[in-house]
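A.B. asks: Please read through the structure below; I'll follow up with questions.
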Amino acid sequence: TKEMLEQNLFKDVLGEYATNVSGTSVRKNNVKLSGDKCNGVILLPGEEFSYNNVVGKRTKENGFGEAAAYLNGETVQEVGGGICQTSSTLYNAVLYANLKITERTNHTFVSGYVPIGRDATVSWGGPDYKFKNTYDFPIYIEGYCSNRNLVFNVYGDTTASNKTYDFTSEVYETLTPNTQTIQDPNLPEGQTVTEKAPTTGYRVKTYLHTYENGALVKTEQISNDTYQKVDGVVKVGTKKVQAPPIAEPPAQQPEE
């Protein structure tokens with residue numbers, strides 16, 4: 001009945017997560033704008049959420065600006081830079097809500113705003129981030145920015161379950177980068193310049209832990225991610241620098 005729905009619909013938080021938003025004002029606006037577009041989405045039982053469909057194409061006409069983003073392993077200025085923080089924050093809230101993830105891809109490199117193995121990269125045209133409402137009741141997504149934090153809450157009804165969820169990530173392999181040294185005849189001898197800083201890569205497994213009445217009842221692997229390493233490049237100067245000529249001391253005048 002309508003009365004039953006009003007009493008139980010969206011009354012409980014199924015999952016919640018928050019991340020700190022940093023960077024330029026343009027990046028912060030991109031994060032806020034993409035969060036606002038996710039805010040208020042309702043998924044009926046069986047319906048699937050598509051991040052790209054909900055947020056739409058990232059263009060200046062749609063309010064997005066240029067900010068730092070990863071492209072083919074490089075950091076570039078891209079319209080919509082920063083919105084992967086929104087998808088990653090939502091991903092974590094959805095994990096705690098125990099909804100079914102139907103599409104998710106990790107970043108090329110480790111992200112600083114969520115734990116390793118717990119990010120979700122997105123790009124217009126793919127990859128996308130998707131999940132499905134597997135409950136028998138509707139869910140409601142709330143997203144907003146407050147005090148430089150991006151917050152997502154997933155609302156539903158917890159009265160039918162006494163289960164809670166947690167996650168751990170295990171780095172099972174470290175990918176150590178190399179550093180290439182290049183002799184540069186245009187740099188003064190002995191001077192060094194780091195052209196590309198090395199970045200360590202990782203292979204990571206993430207596990208879902210299910211608790212019932214506070215007791216651990218199940219552990220299962222939910223992802224196996226690889227974050228690439230980046231080899232460094234250092235230039236070493238070989239250009240000979242001539243020492244300035246030594247000035248001859250002035251000749252002493254004979255004393256009178």
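Chains: A, B, ... in order of the structure tokens. Residues: from 1 per chain. Ligands: from 1, in order shown.
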Determine, counting only C-alpha atoms, which protein, DNA and RNA residues have an atom within 12 Å of an atom of Pro127 of chain A; residues of the same chain fewer than 3 positions away are not included. Present the result as an NGL selection string.

C.D. replies: :A and (50-53 or 84 or 87 or 102-107 or 120-124 or 130)

A.B. asks: With distances taken over only C-alpha atoms, which residue among A:Thr176, A:Thr238, A:Thr19, A:Thr206 lies nearest Tyr113 of chain A?

C.D. replies: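 Using only C-alpha atoms, Tyr113 of chain A sits closest to A:Thr19.
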
A.B. asks: Would you please work out which residue, of A:Ser25, A:Thr1, A:Thr108, A:Asn98, is nearest to Thr158 of chain A when using only C-alpha atoms?

C.D. replies: A:Asn98

A.B. asks: What residues in segment 4-249 of chain A get the DSSP label strand (DSSP E or B)? Please answer as a VMD selection string.

C.D. replies: chain A and resid 12 to 20 42 to 43 48 to 50 66 to 71 74 to 79 100 to 103 130 to 132 139 to 146 149 to 156 163 to 175 179 to 188 192 to 196 199 201 to 212 215 to 227 230 232 to 239

A.B. asks: Give me, as an MDAnalysis selection string, the residues of segment 10-98 of chain A that a backbone DSSP run labels alpha helix (DSSP H).

C.D. replies: chainID A and resid 25:38 51:55 83:96

A.B. asks: Do you know which residues are at most 9 Å from Asn224 of chain A counting only C-alpha atoms, after dropping those on the same chain fewer than 4 positions away, and could you put them as a list of chain:residue names?

C.D. replies: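 Selected residues are A:Gly117, A:Arg203, A:Val204, A:Lys205, A:Thr206.
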